[in-house]
Amino acid sequence: MGELTEGVSPHRSLGWTEVDDHIAQLRHRFRSASTAVDSKDVGNRCVGVLEALSAHVYDPDLHCPPGDKEPEISKTDIRIGVYINHRLQGKTNEELRGLTKKASALSHKMKHSPKADRTTTGITADAVILLANILRRLEEGGFTFRVVQQS
């Protein structure tokens, strides 16, 4: 319970400097957290990872309709959501899109929770790290997710 999840990728980092730095800070803060205030700060670090992810994957030229205002960096659910919706279209990818929404919602909840503790913030941090790895895998390209019907 003392460490956070690692991705299944053979790489030790995502290769996105700012995101990797935020994840390293998240891991450090989680290891050192011992109070409820520390745990809330883990939630804050999770939001920091999300903001770094949204800055990396959101491309206003591609994801912002002409005439619309680009969402602020703090609107991680919108920015990452638009990217995910672009990359994972269709009903078969609904669950994968839902993962991103839940990871973002958990992070923002922990950041403000007076009941944040090691277990809940650990789960939240693991979810954010999972999301970072999902987004990295999507950027590698060629992603197609199909549901295979069993007979």
# chains A, B, ... in the order shown; residues from 1 in each chain; ligands from 1
>>> closest_atom_pairs(of="region 115-134 of chain A", to="region 70-90 of chain A", cutoff="12 Å", atoms="only C-alpha atoms", output="JSON lines")
{"residue": "A:Val128", "atom": "CA", "partner": "A:Thr76", "partner_atom": "CA", "distance": 11.8}
{"residue": "A:Leu131", "atom": "CA", "partner": "A:Ile80", "partner_atom": "CA", "distance": 10.0}
{"residue": "A:Ala132", "atom": "CA", "partner": "A:Ile80", "partner_atom": "CA", "distance": 10.5}
{"residue": "A:Ile134", "atom": "CA", "partner": "A:Ile84", "partner_atom": "CA", "distance": 9.9}
>>> write_last_selection(atoms="N, CA and C atoms", output="compact mmCIF listing (two decimals), in the first residue's frame")
# COMPACT_ATOMS: atom_id res chain seq x y z
N VAL A 128 -5.38 8.21 -11.77
CA VAL A 128 -4.77 9.27 -12.59
C VAL A 128 -3.56 8.72 -13.35
N LEU A 131 -4.86 6.73 -16.16
CA LEU A 131 -5.31 7.62 -17.23
C LEU A 131 -4.11 8.14 -18.03
N ALA A 132 -3.06 8.53 -17.36
CA ALA A 132 -1.86 9.02 -18.06
C ALA A 132 -1.32 7.95 -19.00
N ILE A 134 -3.06 5.46 -20.31
CA ILE A 134 -4.03 5.28 -21.39
C ILE A 134 -3.82 6.35 -22.47
>>> residues_around(residues="region 110-117 of chain A", least_positions_apart="2", cutoff="10 Å", atoms="only C-alpha atoms", output="PDB file with C-alpha atoms, in the first residue's frame")
ATOM      1  CA  ALA A  33       1.539  11.806   3.318  1.00  0.00           C
ATOM      2  CA  SER A  34       0.609  11.124   6.949  1.00  0.00           C
ATOM      3  CA  THR A  35      -2.293  13.476   7.755  1.00  0.00           C
ATOM      4  CA  ALA A  36      -5.663  14.374   6.241  1.00  0.00           C
ATOM      5  CA  VAL A  37      -4.175  17.649   4.987  1.00  0.00           C
ATOM      6  CA  ASP A  38      -1.356  15.697   3.318  1.00  0.00           C
ATOM      7  CA  SER A  39      -3.937  13.417   1.725  1.00  0.00           C
ATOM      8  CA  LYS A  40      -5.858  16.391   0.340  1.00  0.00           C
ATOM      9  CA  ASP A  41      -2.578  17.589  -1.148  1.00  0.00           C
ATOM     10  CA  VAL A  42      -2.232  14.216  -2.888  1.00  0.00           C
ATOM     11  CA  GLY A  43      -5.605  15.030  -4.488  1.00  0.00           C
ATOM     12  CA  ASN A  44      -4.201  18.412  -5.480  1.00  0.00           C
ATOM     13  CA  ARG A  45      -1.195  16.689  -7.077  1.00  0.00           C
ATOM     14  CA  CYS A  46      -3.578  14.409  -8.978  1.00  0.00           C
ATOM     15  CA  VAL A  47      -5.260  17.503 -10.426  1.00  0.00           C
ATOM     16  CA  ALA A 105     -13.996  13.575 -10.909  1.00  0.00           C
ATOM     17  CA  LEU A 106     -12.168  11.549  -8.230  1.00  0.00           C
ATOM     18  CA  SER A 107      -9.173  13.865  -8.321  1.00  0.00           C
ATOM     19  CA  HIS A 108     -11.193  17.010  -7.881  1.00  0.00           C
ATOM     20  CA  THR A 119      -6.634   4.628   0.898  1.00  0.00           C
ATOM     21  CA  THR A 120      -8.905   6.968  -1.043  1.00  0.00           C
ATOM     22  CA  THR A 121      -6.095   9.193  -2.266  1.00  0.00           C
ATOM     23  CA  GLY A 122      -4.050   6.129  -3.228  1.00  0.00           C
ATOM     24  CA  THR A 124      -7.340   8.304  -6.878  1.00  0.00           C
ATOM     25  CA  ALA A 125      -3.626   8.605  -7.650  1.00  0.00           C
TER      26      ALA A 125
END
>>> closest_residue(among="A:His56, A:Lys91, A:His63, A:Lys109", to="Leu14 (chain A)", atoms="only C-alpha atoms")
A:His56
>>> select_by_dssp(residues="region 2-147 of chain A", states="alpha helix (DSSP H)", output="ChimeraX atom specification")
/A:17-32,36-57,60-63,76-87,94-112,118-139
>>> closest_residue(among="A:Glu140, A:Trp16, A:Leu50, A:Glu3", to="Ser32 (chain A)", atoms="only C-alpha atoms")
A:Glu3
>>> atom_distance(atom1="CA of Ser13 (chain A)", atom2="CA of Ser104 (chain A)")
20.7 Å
>>> atom_distance(atom1="CA of Arg136 (chain A)", atom2="CA of Val19 (chain A)")
10.4 Å
>>> closest_residue(among="A:Ile123, A:Ala52, A:Leu130, A:Leu62", to="His22 (chain A)", atoms="only C-alpha atoms")
A:Ala52
>>> atom_distance(atom1="CA of Val57 (chain A)", atom2="CA of Ala103 (chain A)")
16.0 Å
>>> decode(residues="region 38-150 of chain A", atoms="C-alpha atoms", output="short mmCIF file (atom, residue, chain, number, x, y, z; two decimals), in the first residue's frame")
data_model
loop_
_atom_site.label_atom_id
_atom_site.label_comp_id
_atom_site.auth_asym_id
_atom_site.auth_seq_id
_atom_site.Cartn_x
_atom_site.Cartn_y
_atom_site.Cartn_z
CA ASP A 38 -1.36 15.70 3.32
CA SER A 39 -3.94 13.42 1.73
CA LYS A 40 -5.86 16.39 0.34
CA ASP A 41 -2.58 17.59 -1.15
CA VAL A 42 -2.23 14.22 -2.89
CA GLY A 43 -5.60 15.03 -4.49
CA ASN A 44 -4.20 18.41 -5.48
CA ARG A 45 -1.19 16.69 -7.08
CA CYS A 46 -3.58 14.41 -8.98
CA VAL A 47 -5.26 17.50 -10.43
CA GLY A 48 -1.79 18.80 -11.36
CA VAL A 49 -1.16 15.62 -13.35
CA LEU A 50 -4.51 16.05 -15.09
CA GLU A 51 -3.70 19.65 -15.98
CA ALA A 52 -0.34 18.60 -17.42
CA LEU A 53 -2.07 15.83 -19.37
CA SER A 54 -4.71 18.20 -20.72
CA ALA A 55 -2.02 20.67 -21.79
CA HIS A 56 -0.25 17.88 -23.64
CA VAL A 57 -3.14 16.16 -25.44
CA TYR A 58 -5.49 19.07 -26.10
CA ASP A 59 -4.78 20.76 -29.42
CA PRO A 60 -6.97 23.86 -29.90
CA ASP A 61 -6.51 23.73 -33.68
CA LEU A 62 -7.92 20.20 -33.74
CA HIS A 63 -10.22 20.05 -30.71
CA CYS A 64 -11.75 23.53 -30.45
CA PRO A 65 -14.53 24.29 -32.93
CA PRO A 66 -14.05 27.52 -34.90
CA GLY A 67 -15.49 30.48 -33.04
CA ASP A 68 -15.50 28.69 -29.66
CA LYS A 69 -13.27 29.77 -26.82
CA GLU A 70 -10.56 27.31 -25.81
CA PRO A 71 -11.34 25.78 -22.39
CA GLU A 72 -9.02 26.90 -19.60
CA ILE A 73 -6.26 24.50 -18.53
CA SER A 74 -8.16 23.91 -15.28
CA LYS A 75 -11.08 22.42 -17.24
CA THR A 76 -9.29 19.07 -17.43
CA ASP A 77 -12.46 17.02 -17.81
CA ILE A 78 -13.49 19.04 -20.88
CA ARG A 79 -10.04 19.18 -22.48
CA ILE A 80 -9.15 15.52 -21.94
CA GLY A 81 -12.74 14.54 -22.71
CA VAL A 82 -12.61 16.20 -26.13
CA TYR A 83 -9.34 14.42 -26.91
CA ILE A 84 -10.72 11.07 -25.76
CA ASN A 85 -13.95 11.55 -27.70
CA HIS A 86 -11.87 12.32 -30.80
CA ARG A 87 -9.62 9.27 -30.37
CA LEU A 88 -12.16 6.77 -29.00
CA GLN A 89 -15.32 7.25 -30.97
CA GLY A 90 -18.35 5.02 -31.03
CA LYS A 91 -20.41 3.02 -28.61
CA THR A 92 -17.79 0.28 -28.26
CA ASN A 93 -15.44 2.76 -26.56
CA GLU A 94 -17.97 4.19 -24.13
CA GLU A 95 -16.41 2.48 -21.08
CA LEU A 96 -12.93 3.75 -21.92
CA ARG A 97 -14.25 7.30 -22.26
CA GLY A 98 -16.00 6.87 -18.92
CA LEU A 99 -12.70 6.00 -17.20
CA THR A 100 -11.34 9.42 -18.00
CA LYS A 101 -14.37 11.21 -16.57
CA LYS A 102 -14.23 9.20 -13.35
CA ALA A 103 -10.49 9.74 -12.82
CA SER A 104 -10.96 13.48 -13.21
CA ALA A 105 -14.00 13.57 -10.91
CA LEU A 106 -12.17 11.55 -8.23
CA SER A 107 -9.17 13.87 -8.32
CA HIS A 108 -11.19 17.01 -7.88
CA LYS A 109 -13.22 15.37 -5.11
CA MET A 110 -10.08 14.32 -3.17
CA LYS A 111 -8.56 17.77 -3.55
CA HIS A 112 -11.49 19.20 -1.59
CA SER A 113 -12.39 16.28 0.68
CA PRO A 114 -12.20 16.78 4.45
CA LYS A 115 -12.22 12.97 4.73
CA ALA A 116 -9.32 12.29 2.38
CA ASP A 117 -7.18 9.44 3.64
CA ARG A 118 -4.35 7.25 2.41
CA THR A 119 -6.63 4.63 0.90
CA THR A 120 -8.90 6.97 -1.04
CA THR A 121 -6.10 9.19 -2.27
CA GLY A 122 -4.05 6.13 -3.23
CA ILE A 123 -6.93 4.86 -5.33
CA THR A 124 -7.34 8.30 -6.88
CA ALA A 125 -3.63 8.61 -7.65
CA ASP A 126 -3.61 5.12 -9.19
CA ALA A 127 -6.58 6.12 -11.39
CA VAL A 128 -4.77 9.27 -12.59
CA ILE A 129 -1.61 7.30 -13.36
CA LEU A 130 -3.75 4.77 -15.24
CA LEU A 131 -5.31 7.62 -17.23
CA ALA A 132 -1.86 9.02 -18.06
CA ASN A 133 -0.81 5.62 -19.39
CA ILE A 134 -4.03 5.28 -21.39
CA LEU A 135 -3.47 8.68 -23.00
CA ARG A 136 0.15 7.81 -23.77
CA ARG A 137 -0.92 4.56 -25.40
CA LEU A 138 -3.50 6.45 -27.49
CA GLU A 139 -0.88 8.91 -28.66
CA GLU A 140 1.33 6.04 -29.81
CA GLY A 141 -1.28 5.69 -32.53
CA GLY A 142 -3.04 2.93 -34.31
CA PHE A 143 -5.40 2.30 -31.41
CA THR A 144 -8.49 0.33 -32.24
CA PHE A 145 -10.64 -1.20 -29.56
CA ARG A 146 -13.24 -3.67 -30.63
CA VAL A 147 -15.56 -5.79 -28.55
CA VAL A 148 -15.40 -9.40 -29.69
CA GLN A 149 -18.70 -11.20 -29.44
CA GLN A 150 -18.42 -14.66 -27.94
#
